[in-house]
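J.: Data file protein-v8.cif (mmCIF, C-alpha atoms) is appended below.
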data_upload
#
loop_
_atom_site.label_atom_id
_atom_site.label_comp_id
_atom_site.auth_asym_id
_atom_site.auth_seq_id
_atom_site.Cartn_x
_atom_site.Cartn_y
_atom_site.Cartn_z
CA MET L 1063 48.35 -56.80 -56.94
CA ASN L 1064 46.86 -57.06 -53.45
CA LYS L 1065 44.41 -54.29 -52.67
CA LYS L 1066 43.76 -53.49 -49.03
CA PRO L 1067 40.08 -53.63 -48.02
CA PRO L 1068 38.20 -50.53 -46.86
CA THR L 1069 38.62 -49.52 -43.25
CA GLU L 1070 37.02 -51.82 -40.69
CA ILE L 1071 36.67 -50.84 -37.04
CA PHE L 1072 36.43 -53.26 -34.14
CA SER L 1073 36.21 -52.36 -30.47
CA SER L 1074 36.00 -53.98 -27.08
CA ARG L 1075 32.43 -54.81 -26.12
CA GLU L 1076 32.09 -52.04 -23.55
CA PHE L 1077 33.77 -49.23 -25.52
CA PRO L 1078 30.61 -47.73 -27.14
CA GLN L 1079 28.86 -47.83 -23.76
CA TRP L 1080 31.87 -46.12 -22.15
CA LEU L 1081 31.74 -43.30 -24.73
CA ALA L 1082 28.01 -42.86 -24.06
CA GLN L 1083 28.43 -42.93 -20.27
CA GLN L 1084 31.26 -40.41 -20.37
CA ASN L 1085 29.28 -38.28 -22.89
CA ILE L 1086 32.26 -37.86 -25.19
CA SER L 1087 33.33 -38.64 -28.72
CA LEU L 1088 36.79 -38.74 -30.31
CA ALA L 1089 38.44 -37.00 -33.26
CA LEU L 1090 41.63 -38.43 -34.75
CA THR L 1091 43.91 -38.14 -37.77
CA THR L 1092 45.14 -41.06 -39.86
CA TYR L 1093 48.24 -39.51 -41.45
CA GLN L 1094 49.16 -41.79 -44.38
CA THR L 1095 45.57 -42.21 -45.63
CA GLY L 1096 44.79 -38.50 -45.14
CA GLN L 1097 41.65 -38.77 -43.04
CA LEU L 1098 40.02 -36.78 -40.29
CA PHE L 1099 38.15 -39.48 -38.40
CA PHE L 1100 35.41 -39.31 -35.75
CA LEU L 1101 34.27 -42.01 -33.35
CA GLY L 1102 30.98 -41.60 -31.52
CA VAL L 1103 27.78 -43.46 -30.69
CA ASN L 1104 24.63 -43.55 -32.82
CA GLU L 1105 21.01 -43.49 -31.66
CA SER L 1106 21.07 -47.29 -31.23
CA GLY L 1107 24.06 -47.15 -28.88
CA GLN L 1108 26.42 -48.64 -31.47
CA LEU L 1109 29.87 -47.35 -32.37
CA SER L 1110 29.67 -44.79 -35.17
CA GLY L 1111 32.57 -43.83 -37.42
CA TYR L 1112 32.77 -40.89 -39.80
CA GLN L 1113 35.65 -39.73 -41.99
CA ARG L 1114 36.60 -36.95 -44.38
CA LEU L 1115 39.69 -36.68 -46.56
CA TYR L 1116 42.33 -34.08 -45.73
CA ASP L 1117 45.70 -34.63 -47.41
CA ARG L 1118 48.21 -35.96 -44.83
CA ALA L 1119 46.04 -35.00 -41.84
CA MET L 1120 48.28 -34.80 -38.75
CA GLY L 1121 48.19 -32.27 -35.91
CA LEU L 1122 44.80 -31.78 -34.28
CA HIS L 1123 43.53 -29.43 -31.58
CA ALA L 1124 39.96 -29.07 -30.32
CA THR L 1125 38.09 -26.28 -28.52
CA PRO L 1126 34.38 -26.49 -27.60
CA GLU L 1127 33.24 -25.27 -31.05
CA ARG L 1128 36.32 -25.54 -33.26
CA LEU L 1129 39.00 -27.86 -34.63
CA TYR L 1130 42.46 -26.94 -35.88
CA LEU L 1131 43.94 -29.43 -38.33
CA SER L 1132 47.34 -29.51 -40.02
CA CYS L 1133 47.63 -31.02 -43.49
CA LYS L 1134 50.32 -31.44 -46.14
CA TYR L 1135 50.68 -27.75 -46.99
CA GLN L 1136 47.81 -26.08 -45.14
CA LEU L 1137 46.49 -25.54 -41.63
CA TRP L 1138 42.70 -25.46 -41.35
CA GLN L 1139 40.27 -23.97 -38.85
CA LEU L 1140 37.00 -25.93 -38.83
CA ASP L 1141 34.01 -24.42 -37.02
CA ASN L 1142 30.87 -26.08 -35.76
CA ALA L 1143 27.83 -24.87 -37.71
CA LEU L 1144 25.11 -26.32 -35.44
CA GLU L 1145 23.31 -24.68 -32.54
CA PRO L 1146 22.92 -26.57 -29.23
CA GLY L 1147 20.28 -29.27 -29.69
CA GLN L 1148 20.36 -29.00 -33.49
CA LEU L 1149 21.11 -32.10 -35.60
CA TYR L 1150 22.36 -32.53 -39.13
CA GLN L 1151 21.90 -36.02 -40.58
CA ASN L 1152 21.65 -37.30 -36.98
CA HIS L 1153 24.99 -35.72 -36.04
CA ASP L 1154 25.20 -33.20 -33.21
CA LYS L 1155 28.38 -31.43 -34.37
CA LEU L 1156 29.10 -30.35 -37.94
CA TYR L 1157 32.62 -29.03 -38.49
CA ILE L 1158 33.12 -26.96 -41.65
CA PRO L 1159 36.51 -25.67 -42.85
CA ARG L 1160 36.21 -21.88 -42.64
CA ILE L 1161 39.76 -20.49 -42.55
CA GLY L 1162 42.82 -22.03 -44.17
CA TYR L 1163 46.45 -20.96 -43.97
CA THR L 1164 48.66 -22.04 -46.86
CA THR L 1165 51.94 -22.81 -45.14
CA GLY L 1166 53.74 -24.94 -47.68
CA ASP L 1167 54.94 -28.36 -46.62
CA LEU L 1168 56.39 -27.50 -43.19
CA ASP L 1169 55.72 -31.03 -41.91
CA ILE L 1170 53.50 -29.65 -39.14
CA HIS L 1171 53.11 -32.13 -36.29
CA ASP L 1172 51.46 -31.04 -33.01
CA VAL L 1173 49.13 -28.01 -33.02
CA ALA L 1174 47.91 -26.00 -30.02
CA ILE L 1175 46.33 -22.66 -29.07
CA ASP L 1176 47.94 -20.36 -26.48
CA ARG L 1177 46.16 -18.27 -23.86
CA ASP L 1178 45.79 -15.38 -26.32
CA GLY L 1179 44.21 -17.55 -29.00
CA LYS L 1180 47.38 -17.72 -31.13
CA ILE L 1181 47.99 -20.89 -33.12
CA ILE L 1182 51.26 -22.55 -32.10
CA PHE L 1183 52.59 -25.53 -34.01
CA VAL L 1184 55.66 -27.71 -34.37
CA SER L 1185 57.33 -27.45 -37.76
CA THR L 1186 59.37 -30.62 -37.91
CA LEU L 1187 60.93 -29.55 -41.21
CA LEU L 1188 62.22 -26.28 -39.69
CA ASN L 1189 63.09 -27.79 -36.25
CA CYS L 1190 61.12 -25.06 -34.49
CA LEU L 1191 57.89 -23.84 -32.94
CA ALA L 1192 56.04 -21.39 -35.16
CA THR L 1193 52.76 -19.59 -35.70
CA VAL L 1194 50.76 -18.74 -38.80
CA SER L 1195 51.43 -15.65 -40.89
CA HIS L 1196 49.15 -13.63 -43.17
CA TYR L 1197 52.06 -12.89 -45.48
CA LYS L 1198 54.59 -15.74 -45.26
CA SER L 1199 54.57 -19.51 -44.77
CA CYS L 1200 54.93 -19.08 -41.01
CA GLN L 1201 56.59 -17.05 -38.27
CA PRO L 1202 59.23 -19.03 -36.32
CA LEU L 1203 59.00 -18.50 -32.55
CA TRP L 1204 61.49 -20.82 -30.87
CA LYS L 1205 64.13 -23.45 -31.66
CA PRO L 1206 66.21 -25.83 -29.54
CA SER L 1207 69.57 -24.38 -28.49
CA PHE L 1208 71.46 -27.14 -30.34
CA ILE L 1209 69.86 -26.20 -33.68
CA SER L 1210 72.17 -23.63 -35.25
CA ARG L 1211 69.66 -21.96 -37.56
CA ILE L 1212 66.14 -22.07 -38.95
CA ILE L 1213 66.44 -24.07 -42.14
CA ASN L 1214 64.20 -26.47 -44.03
CA GLU L 1215 66.10 -29.59 -42.95
CA ASP L 1216 64.54 -32.07 -40.53
CA ARG L 1217 67.57 -32.49 -38.27
CA CYS L 1218 66.32 -33.54 -34.82
CA HIS L 1219 62.71 -34.53 -35.68
CA LEU L 1220 61.11 -32.10 -33.27
CA ASN L 1221 57.52 -33.35 -33.09
CA GLY L 1222 55.53 -32.95 -29.87
CA LEU L 1223 54.31 -29.93 -27.88
CA ALA L 1224 52.89 -29.79 -24.35
CA MET L 1225 51.13 -26.58 -23.37
CA VAL L 1226 51.26 -25.53 -19.71
CA ASP L 1227 48.84 -22.84 -18.50
CA GLY L 1228 48.31 -21.61 -22.03
CA SER L 1229 51.99 -21.36 -23.01
CA PRO L 1230 54.42 -23.75 -24.72
CA GLY L 1231 55.90 -25.81 -21.88
CA TYR L 1232 57.76 -28.84 -23.21
CA VAL L 1233 58.69 -30.38 -26.56
CA THR L 1234 59.89 -33.80 -27.66
CA ALA L 1235 62.52 -34.59 -30.29
CA CYS L 1236 64.08 -37.82 -31.55
CA SER L 1237 67.66 -36.57 -31.17
CA ARG L 1238 69.81 -33.48 -30.65
CA SER L 1239 71.28 -33.71 -34.15
CA ASP L 1240 72.12 -30.49 -36.01
CA LEU L 1241 72.56 -32.25 -39.36
CA VAL L 1242 69.84 -33.02 -41.91
CA ASP L 1243 68.24 -36.44 -41.26
CA GLY L 1244 70.68 -37.00 -38.40
CA TRP L 1245 67.88 -38.05 -36.07
CA ARG L 1246 67.43 -41.38 -37.87
CA ASP L 1247 70.78 -42.57 -36.55
CA GLN L 1248 69.57 -42.02 -32.96
CA ARG L 1249 66.09 -43.56 -33.14
CA VAL L 1250 66.71 -46.30 -30.58
CA ASP L 1251 67.66 -44.18 -27.56
CA GLY L 1252 68.49 -40.64 -28.70
CA GLY L 1253 65.09 -39.13 -27.86
CA LEU L 1254 64.77 -36.22 -25.46
CA VAL L 1255 62.47 -33.72 -23.76
CA ILE L 1256 63.21 -29.98 -23.70
CA ASP L 1257 61.89 -27.31 -21.33
CA VAL L 1258 60.85 -24.50 -23.70
CA ALA L 1259 61.24 -21.60 -21.23
CA SER L 1260 64.81 -22.47 -20.24
CA ASN L 1261 65.70 -24.26 -23.51
CA GLN L 1262 67.30 -26.97 -21.39
CA ILE L 1263 67.19 -30.70 -22.08
CA ILE L 1264 65.49 -32.30 -19.07
CA ALA L 1265 65.32 -35.96 -20.17
CA THR L 1266 67.34 -38.18 -22.50
CA GLY L 1267 67.58 -41.85 -23.48
CA LEU L 1268 64.07 -42.09 -24.92
CA SER L 1269 63.11 -43.98 -28.06
CA MET L 1270 61.32 -41.72 -30.57
CA PRO L 1271 59.22 -39.82 -27.96
CA HIS L 1272 55.95 -38.22 -29.10
CA SER L 1273 52.77 -36.52 -27.86
CA PRO L 1274 53.85 -34.77 -24.61
CA ARG L 1275 50.82 -33.56 -22.66
CA TRP L 1276 50.54 -31.72 -19.33
CA TYR L 1277 47.72 -33.27 -17.31
CA LYS L 1278 46.92 -33.09 -13.60
CA GLY L 1279 50.33 -31.69 -12.72
CA LYS L 1280 52.35 -34.30 -14.65
CA LEU L 1281 54.14 -34.32 -17.97
CA TRP L 1282 52.83 -37.37 -19.81
CA LEU L 1283 54.28 -38.63 -23.09
CA HIS L 1284 54.85 -41.65 -25.31
CA ASN L 1285 58.15 -43.50 -25.38
CA SER L 1286 56.99 -44.54 -28.83
CA GLY L 1287 59.85 -46.82 -29.84
CA LYS L 1288 59.06 -49.02 -26.83
CA GLY L 1289 55.27 -48.80 -26.97
CA GLU L 1290 55.15 -47.15 -23.55
CA LEU L 1291 52.80 -44.55 -22.11
CA GLY L 1292 54.23 -42.83 -19.06
CA TYR L 1293 55.16 -39.61 -17.35
CA LEU L 1294 58.38 -37.76 -16.68
CA ASP L 1295 59.67 -37.26 -13.15
CA LEU L 1296 60.70 -33.62 -13.50
CA ALA L 1297 62.96 -33.81 -10.45
CA THR L 1298 65.09 -36.67 -11.76
CA GLY L 1299 64.43 -36.61 -15.53
CA LYS L 1300 63.42 -40.27 -15.37
CA PHE L 1301 60.64 -41.63 -17.55
CA GLU L 1302 58.14 -43.70 -15.55
CA ALA L 1303 56.26 -46.18 -17.75
CA VAL L 1304 52.60 -46.73 -16.81
CA ALA L 1305 51.34 -49.00 -19.59
CA PHE L 1306 52.62 -50.97 -22.58
CA CYS L 1307 50.52 -50.78 -25.76
CA PRO L 1308 51.24 -53.04 -28.77
CA GLY L 1309 52.11 -50.48 -31.42
CA TYR L 1310 54.14 -47.41 -32.29
CA LEU L 1311 52.51 -44.75 -30.12
CA ARG L 1312 51.42 -41.33 -31.36
CA GLY L 1313 48.42 -39.33 -30.23
CA LEU L 1314 47.46 -38.87 -26.58
CA ALA L 1315 44.41 -37.33 -24.93
CA PHE L 1316 42.95 -37.44 -21.44
CA TRP L 1317 39.50 -37.66 -19.93
CA GLN L 1318 38.89 -37.89 -16.18
CA ASP L 1319 41.13 -40.73 -14.92
CA TYR L 1320 41.77 -42.16 -18.36
CA ALA L 1321 44.40 -41.75 -21.07
CA ILE L 1322 43.41 -42.44 -24.67
CA VAL L 1323 46.41 -43.67 -26.64
CA GLY L 1324 46.90 -43.88 -30.42
CA LEU L 1325 48.74 -46.89 -31.92
CA SER L 1326 50.23 -47.41 -35.38
CA LYS L 1327 51.65 -50.34 -37.31
CA PRO L 1328 55.13 -50.28 -38.91
CA ARG L 1329 55.28 -48.76 -42.39
CA ASP L 1330 55.78 -51.15 -45.28
CA GLY L 1331 59.23 -50.64 -46.76
CA ASP L 1332 60.09 -47.79 -44.37
CA LYS L 1333 62.75 -48.32 -41.72
CA THR L 1334 61.54 -45.41 -39.55
CA PHE L 1335 59.49 -47.70 -37.30
CA SER L 1336 61.68 -50.82 -37.61
CA SER L 1337 64.67 -52.06 -35.60
CA LEU L 1338 63.31 -50.40 -32.48
CA PRO L 1339 63.04 -51.94 -29.00
CA LEU L 1340 59.30 -52.32 -29.72
CA ASP L 1341 60.08 -55.23 -32.08
CA GLU L 1342 61.59 -57.35 -29.30
CA LEU L 1343 58.91 -56.37 -26.79
CA LEU L 1344 56.16 -57.48 -29.17
CA ALA L 1345 57.97 -60.78 -29.80
CA GLU L 1346 58.30 -61.39 -26.06
CA LYS L 1347 54.56 -60.90 -25.64
CA ASP L 1348 53.80 -63.03 -28.73
CA THR L 1349 51.69 -60.34 -30.35
CA GLU L 1350 51.56 -58.25 -33.52
CA PRO L 1351 51.56 -54.45 -33.73
CA ARG L 1352 48.14 -52.85 -34.01
CA CYS L 1353 46.61 -49.68 -35.37
CA GLY L 1354 43.93 -48.27 -33.13
CA LEU L 1355 43.22 -46.83 -29.72
CA MET L 1356 43.60 -48.00 -26.15
CA VAL L 1357 41.97 -46.50 -23.07
CA VAL L 1358 44.28 -46.73 -20.06
CA ASP L 1359 43.19 -46.38 -16.44
CA LEU L 1360 45.69 -43.90 -14.99
CA ASN L 1361 45.26 -45.28 -11.48
CA THR L 1362 46.13 -48.88 -12.33
CA GLY L 1363 47.79 -48.79 -15.77
CA ALA L 1364 45.23 -51.34 -17.00
CA ILE L 1365 43.90 -51.21 -20.56
CA VAL L 1366 40.14 -51.02 -20.03
CA HIS L 1367 38.94 -50.48 -23.61
CA TRP L 1368 40.36 -50.77 -27.10
CA VAL L 1369 39.64 -50.02 -30.77
CA ARG L 1370 41.29 -51.67 -33.78
CA PHE L 1371 41.52 -50.34 -37.34
CA GLU L 1372 41.93 -52.89 -40.13
CA GLY L 1373 42.29 -52.28 -43.85
CA ILE L 1374 43.85 -49.21 -45.43
CA VAL L 1375 44.29 -47.30 -42.14
CA THR L 1376 47.53 -48.47 -40.54
CA GLU L 1377 48.73 -45.28 -38.83
CA LEU L 1378 47.28 -42.66 -36.50
CA TYR L 1379 48.94 -39.40 -35.57
CA ASP L 1380 46.82 -37.29 -33.25
CA LEU L 1381 43.57 -37.49 -31.32
CA GLN L 1382 41.29 -35.24 -29.28
CA VAL L 1383 38.39 -35.74 -26.88
CA LEU L 1384 35.16 -33.91 -27.75
CA PRO L 1385 33.21 -33.48 -24.48
CA GLY L 1386 29.43 -33.34 -24.63
CA VAL L 1387 29.39 -34.58 -28.25
CA LYS L 1388 27.71 -37.84 -29.17
CA ARG L 1389 28.17 -38.15 -32.92
CA PRO L 1390 30.27 -35.54 -34.78
CA MET L 1391 30.91 -35.12 -38.48
CA ALA L 1392 32.75 -32.71 -40.79
CA LEU L 1393 32.66 -31.52 -44.35
CA GLY L 1394 35.58 -32.03 -46.72
CA PHE L 1395 36.37 -30.91 -50.25
CA GLN L 1396 35.58 -34.10 -52.15
CA THR L 1397 31.77 -33.71 -52.42
CA GLU L 1398 29.30 -30.99 -53.44
CA GLU L 1399 27.97 -30.81 -49.90
CA ILE L 1400 30.45 -28.09 -48.95
CA ALA L 1401 29.17 -25.94 -51.83
CA GLN L 1402 25.50 -26.51 -51.09
CA LEU L 1403 25.36 -26.21 -47.30
CA ILE L 1404 25.01 -22.51 -46.43
CA SER L 1405 24.55 -21.00 -42.97
CA LEU L 1406 24.03 -17.31 -42.14
CA GLU L 1407 24.82 -14.96 -39.29
CA PRO L 1408 21.82 -12.93 -37.99
CA TYR L 1409 20.77 -10.04 -40.27
CA GLU L 1410 22.33 -6.73 -39.27
CA GLU L 1411 21.72 -3.40 -41.04
CA ILE L 1412 24.58 -1.12 -42.06
CA GLU L 1413 24.73 1.94 -39.80
CA SER L 1414 23.33 4.87 -41.83
CA ASN L 1415 24.98 7.57 -39.67
CA ARG L 1416 28.39 6.43 -40.87
CA PHE L 1417 28.00 8.89 -43.82
CA SER L 1418 26.12 11.72 -42.09
CA TYR L 1419 28.01 14.83 -43.21
CA ASN L 1420 26.19 17.00 -45.78
CA GLU L 1421 27.01 17.89 -49.35
CA ASN L 1422 28.57 21.28 -48.41
CA GLU L 1423 31.00 19.54 -46.05
CA LYS L 1424 31.90 17.14 -48.86
CA LYS L 1425 32.76 20.09 -51.16
CA LEU L 1426 34.88 21.79 -48.48
CA ASP L 1427 36.74 18.55 -47.78
CA LYS L 1428 37.40 18.09 -51.48
CA GLN L 1429 38.76 21.65 -51.88
CA GLU L 1430 40.94 21.30 -48.79
CA ASN L 1431 42.41 18.03 -50.06
CA ILE L 1432 43.24 19.61 -53.45
CA GLN L 1433 44.98 22.58 -51.79
CA LYS L 1434 47.04 20.36 -49.51
CA SER L 1435 48.01 17.82 -52.15
CA PRO L 1436 51.71 18.10 -53.15
CA LEU L 1437 51.11 16.03 -56.26
CA LYS L 1438 50.77 17.61 -59.70
CA PRO L 1439 48.44 16.21 -62.33
CA GLN L 1440 50.22 14.19 -64.97
CA ASN L 1441 49.41 14.05 -68.66
CA HIS L 1442 48.92 10.46 -69.75
CA LYS L 1443 48.59 9.30 -73.31
CA PRO L 1444 45.69 6.93 -73.91
CA TYR L 1445 46.80 3.28 -74.09
CA SER L 1446 46.72 1.70 -77.49
CA GLU L 1447 48.06 -1.60 -78.78
#
Any chance you could give the structure as structure tokens?
T.:
Amino acid sequence: MNKKPPTEIFSSREFPQWLAQQNISLALTTYQTGQLFFLGVNESGQLSGYQRLYDRAMGLHATPERLYLSCKYQLWQLDNALEPGQLYQNHDKLYIPRIGYTTGDLDIHDVAIDRDGKIIFVSTLLNCLATVSHYKSCQPLWKPSFISRIINEDRCHLNGLAMVDGSPGYVTACSRSDLVDGWRDQRVDGGLVIDVASNQIIATGLSMPHSPRWYKGKLWLHNSGKGELGYLDLATGKFEAVAFCPGYLRGLAFWQDYAIVGLSKPRDGDKTFSSLPLDELLAEKDTEPRCGLMVVDLNTGAIVHWVRFEGIVTELYDLQVLPGVKRPMALGFQTEEIAQLISLEPYEEIESNRFSYNENEKKLDKQENIQKSPLKPQNHKPYSE
């Protein structure tokens, strides 16, 4: 039995220097190996990787002090525990899971936060956009017009969400099928983009599109089945390819004039990623599919930096840029560290005037409540086995 080696990371020579110059680090999810992964730069200027296990880690959203992460049956909020300038084991951000929502396996893909701070996510299983609930698995918010009802059947493989000015703007799906698993029959060219506000299809003919993002007035996305990063001409509905990357594309983030693209290899024994136009395009270029990242210059379409993952990590799903962070880390649930690391809010005394009324007022209140109560005392027998 062949056992895959541990994860190895290689990068272009200038990539660590680019991260340091831009003063950013990256967070990404590895899907099939269930890892939340960080890439930064250590004190020696070398590339630094850090990972924690989160079962089927997929959708990822970052704010200045927080991460939102979707997993197999939960959605986690991880908060940074460090003050500015504080380090923990030479890391300048320490993300700790603080709040978890148990959603059940909704197959959550993209995750975002709206202008009011509400969590919005794509439930691929339910073919809808939804938010978290304190009482149920989720609260559905929107579905494509061609989906007849909210049901736990992945019909169109709704997957990607682009937020525009703090509201859901556009989504991607692999087909317009209204039958369970129907999207697999349309993987080659059945993909589409939907305007959420109007619920109108605005682009068709795509191959397994993913990761729509609104950036600098354009709707960017991956035409994943062709390995293409590009943007959508909203006037014509035409997809304009900007760069070809040798892999199945998922995960897209932007920084200045750069796009950071996630690449995955085909799955062993799974036809989801096979028999796509990408196969022929890779053969034409005499290259193999990769798992990793590519940094694309948006002005020229050139790939200026790259990262490759070898070993057990063969797929990525999502990625985020962490501005102003050099070397982040997180806690998971596999070690005792999460039980032993304790941080406190500033001490604050309970307000004593909250219970300021005197004993006479207490007696009067008690008498008044007895007089007003419509309930009669009941005689209860003592419980005995």
J.: Pick the closest to Leu1344 of chain L from L:Tyr1157, L:Gly1287, L:Trp1317, L:Lys1300: which is it, counting only C-alpha atoms?
T.: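 When distances to Leu1344 of chain L are compared using only C-alpha atoms, the smallest one comes from L:Gly1287.
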J.: Run the PyMOL selection byres ((chain L and resi 1119-1128) around 10) against the file shown and list the residues it catches, as JSON, numbers by chain.
T.: {"L": [1089, 1090, 1091, 1092, 1093, 1094, 1095, 1096, 1097, 1098, 1099, 1114, 1115, 1116, 1117, 1118, 1129, 1130, 1131, 1132, 1133, 1134, 1136, 1137, 1138, 1139, 1140, 1141, 1142, 1143, 1144, 1155, 1156, 1157, 1158, 1159, 1169, 1170, 1171, 1172, 1173, 1174, 1175, 1181, 1183, 1184, 1221, 1222, 1313, 1378, 1379, 1380, 1381, 1382, 1383, 1384, 1385, 1386, 1387]}
J.: Grab the residues selected above and save them as an mmCIF file, in the frame of the given file with C-alpha atoms.
T.:
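See out.cif below for the written result:
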data_model
loop_
_atom_site.group_PDB
_atom_site.id
_atom_site.type_symbol
_atom_site.label_atom_id
_atom_site.label_comp_id
_atom_site.auth_asym_id
_atom_site.auth_seq_id
_atom_site.Cartn_x
_atom_site.Cartn_y
_atom_site.Cartn_z
ATOM 1 C CA ALA L 1089 38.440 -37.000 -33.260
ATOM 2 C CA LEU L 1090 41.630 -38.430 -34.750
ATOM 3 C CA THR L 1091 43.910 -38.140 -37.770
ATOM 4 C CA THR L 1092 45.140 -41.060 -39.860
ATOM 5 C CA TYR L 1093 48.240 -39.510 -41.450
ATOM 6 C CA GLN L 1094 49.160 -41.790 -44.380
ATOM 7 C CA THR L 1095 45.570 -42.210 -45.630
ATOM 8 C CA GLY L 1096 44.790 -38.500 -45.140
ATOM 9 C CA GLN L 1097 41.650 -38.770 -43.040
ATOM 10 C CA LEU L 1098 40.020 -36.780 -40.290
ATOM 11 C CA PHE L 1099 38.150 -39.480 -38.400
ATOM 12 C CA ARG L 1114 36.600 -36.950 -44.380
ATOM 13 C CA LEU L 1115 39.690 -36.680 -46.560
ATOM 14 C CA TYR L 1116 42.330 -34.080 -45.730
ATOM 15 C CA ASP L 1117 45.700 -34.630 -47.410
ATOM 16 C CA ARG L 1118 48.210 -35.960 -44.830
ATOM 17 C CA LEU L 1129 39.000 -27.860 -34.630
ATOM 18 C CA TYR L 1130 42.460 -26.940 -35.880
ATOM 19 C CA LEU L 1131 43.940 -29.430 -38.330
ATOM 20 C CA SER L 1132 47.340 -29.510 -40.020
ATOM 21 C CA CYS L 1133 47.630 -31.020 -43.490
ATOM 22 C CA LYS L 1134 50.320 -31.440 -46.140
ATOM 23 C CA GLN L 1136 47.810 -26.080 -45.140
ATOM 24 C CA LEU L 1137 46.490 -25.540 -41.630
ATOM 25 C CA TRP L 1138 42.700 -25.460 -41.350
ATOM 26 C CA GLN L 1139 40.270 -23.970 -38.850
ATOM 27 C CA LEU L 1140 37.000 -25.930 -38.830
ATOM 28 C CA ASP L 1141 34.010 -24.420 -37.020
ATOM 29 C CA ASN L 1142 30.870 -26.080 -35.760
ATOM 30 C CA ALA L 1143 27.830 -24.870 -37.710
ATOM 31 C CA LEU L 1144 25.110 -26.320 -35.440
ATOM 32 C CA LYS L 1155 28.380 -31.430 -34.370
ATOM 33 C CA LEU L 1156 29.100 -30.350 -37.940
ATOM 34 C CA TYR L 1157 32.620 -29.030 -38.490
ATOM 35 C CA ILE L 1158 33.120 -26.960 -41.650
ATOM 36 C CA PRO L 1159 36.510 -25.670 -42.850
ATOM 37 C CA ASP L 1169 55.720 -31.030 -41.910
ATOM 38 C CA ILE L 1170 53.500 -29.650 -39.140
ATOM 39 C CA HIS L 1171 53.110 -32.130 -36.290
ATOM 40 C CA ASP L 1172 51.460 -31.040 -33.010
ATOM 41 C CA VAL L 1173 49.130 -28.010 -33.020
ATOM 42 C CA ALA L 1174 47.910 -26.000 -30.020
ATOM 43 C CA ILE L 1175 46.330 -22.660 -29.070
ATOM 44 C CA ILE L 1181 47.990 -20.890 -33.120
ATOM 45 C CA PHE L 1183 52.590 -25.530 -34.010
ATOM 46 C CA VAL L 1184 55.660 -27.710 -34.370
ATOM 47 C CA ASN L 1221 57.520 -33.350 -33.090
ATOM 48 C CA GLY L 1222 55.530 -32.950 -29.870
ATOM 49 C CA GLY L 1313 48.420 -39.330 -30.230
ATOM 50 C CA LEU L 1378 47.280 -42.660 -36.500
ATOM 51 C CA TYR L 1379 48.940 -39.400 -35.570
ATOM 52 C CA ASP L 1380 46.820 -37.290 -33.250
ATOM 53 C CA LEU L 1381 43.570 -37.490 -31.320
ATOM 54 C CA GLN L 1382 41.290 -35.240 -29.280
ATOM 55 C CA VAL L 1383 38.390 -35.740 -26.880
ATOM 56 C CA LEU L 1384 35.160 -33.910 -27.750
ATOM 57 C CA PRO L 1385 33.210 -33.480 -24.480
ATOM 58 C CA GLY L 1386 29.430 -33.340 -24.630
ATOM 59 C CA VAL L 1387 29.390 -34.580 -28.250
#
J.: Report, in Å with one decimal, the straight-line distance from atom CA of Trp1245 of chain L to atom CA of Ala1259 of chain L.
T.: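 Interatomic distance, atom CA of Trp1245 of chain L to atom CA of Ala1259 of chain L: 23.1 Å.
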J.: Please write the residues picked by the PyMOL selection byres ((chain L and resi 1260-1270) around 6) on this file as a PyMOL selection string.
T.: chain L and resi 1236+1249-1259+1271+1285-1287+1299
J.: Which is closest to Met1225 of chain L among L:Pro1328, L:Pro1202, L:Gly1279, L:Gly1244, if we use only C-alpha atoms?
T.: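 Of L:Pro1328, L:Pro1202, L:Gly1279, L:Gly1244, the one nearest Met1225 of chain L is L:Gly1279, counting only C-alpha atoms.
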J.: If we count only C-alpha atoms, what is near Asp1247 of chain L at a cut-off of 12 Å, once residues fewer than 5 positions away on the same chain are taken out, given as a PDB file with C-alpha atoms, keeping the file's coordinate frame?
T.:
ATOM      1  CA  ARG L1217      67.570 -32.490 -38.270  1.00  0.00           C
ATOM      2  CA  CYS L1218      66.320 -33.540 -34.820  1.00  0.00           C
ATOM      3  CA  HIS L1219      62.710 -34.530 -35.680  1.00  0.00           C
ATOM      4  CA  CYS L1236      64.080 -37.820 -31.550  1.00  0.00           C
ATOM      5  CA  SER L1237      67.660 -36.570 -31.170  1.00  0.00           C
ATOM      6  CA  ARG L1238      69.810 -33.480 -30.650  1.00  0.00           C
ATOM      7  CA  SER L1239      71.280 -33.710 -34.150  1.00  0.00           C
ATOM      8  CA  LEU L1241      72.560 -32.250 -39.360  1.00  0.00           C
ATOM      9  CA  VAL L1242      69.840 -33.020 -41.910  1.00  0.00           C
ATOM     10  CA  GLY L1252      68.490 -40.640 -28.700  1.00  0.00           C
ATOM     11  CA  GLY L1253      65.090 -39.130 -27.860  1.00  0.00           C
ATOM     12  CA  SER L1269      63.110 -43.980 -28.060  1.00  0.00           C
ATOM     13  CA  MET L1270      61.320 -41.720 -30.570  1.00  0.00           C
ATOM     14  CA  LYS L1333      62.750 -48.320 -41.720  1.00  0.00           C
ATOM     15  CA  THR L1334      61.540 -45.410 -39.550  1.00  0.00           C
ATOM     16  CA  SER L1337      64.670 -52.060 -35.600  1.00  0.00           C
ATOM     17  CA  LEU L1338      63.310 -50.400 -32.480  1.00  0.00           C
TER      18      LEU L1338
END
J.: Pull the neighbourhood of (42.7, -46.7, -21.9) for me: all residues within 8 Å in file coordinates, counting only C-alpha atoms, as a ChimeraX atom specification.
T.: /L:1320-1323,1355-1359,1364-1368
J.: Mind giving me the straight-line distance from atom CA of Thr1193 of chain L to atom CA of Lys1180 of chain L in Å, one decimal?
T.: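 Straight-line distance from atom CA of Thr1193 of chain L to atom CA of Lys1180 of chain L works out to 7.3 Å.
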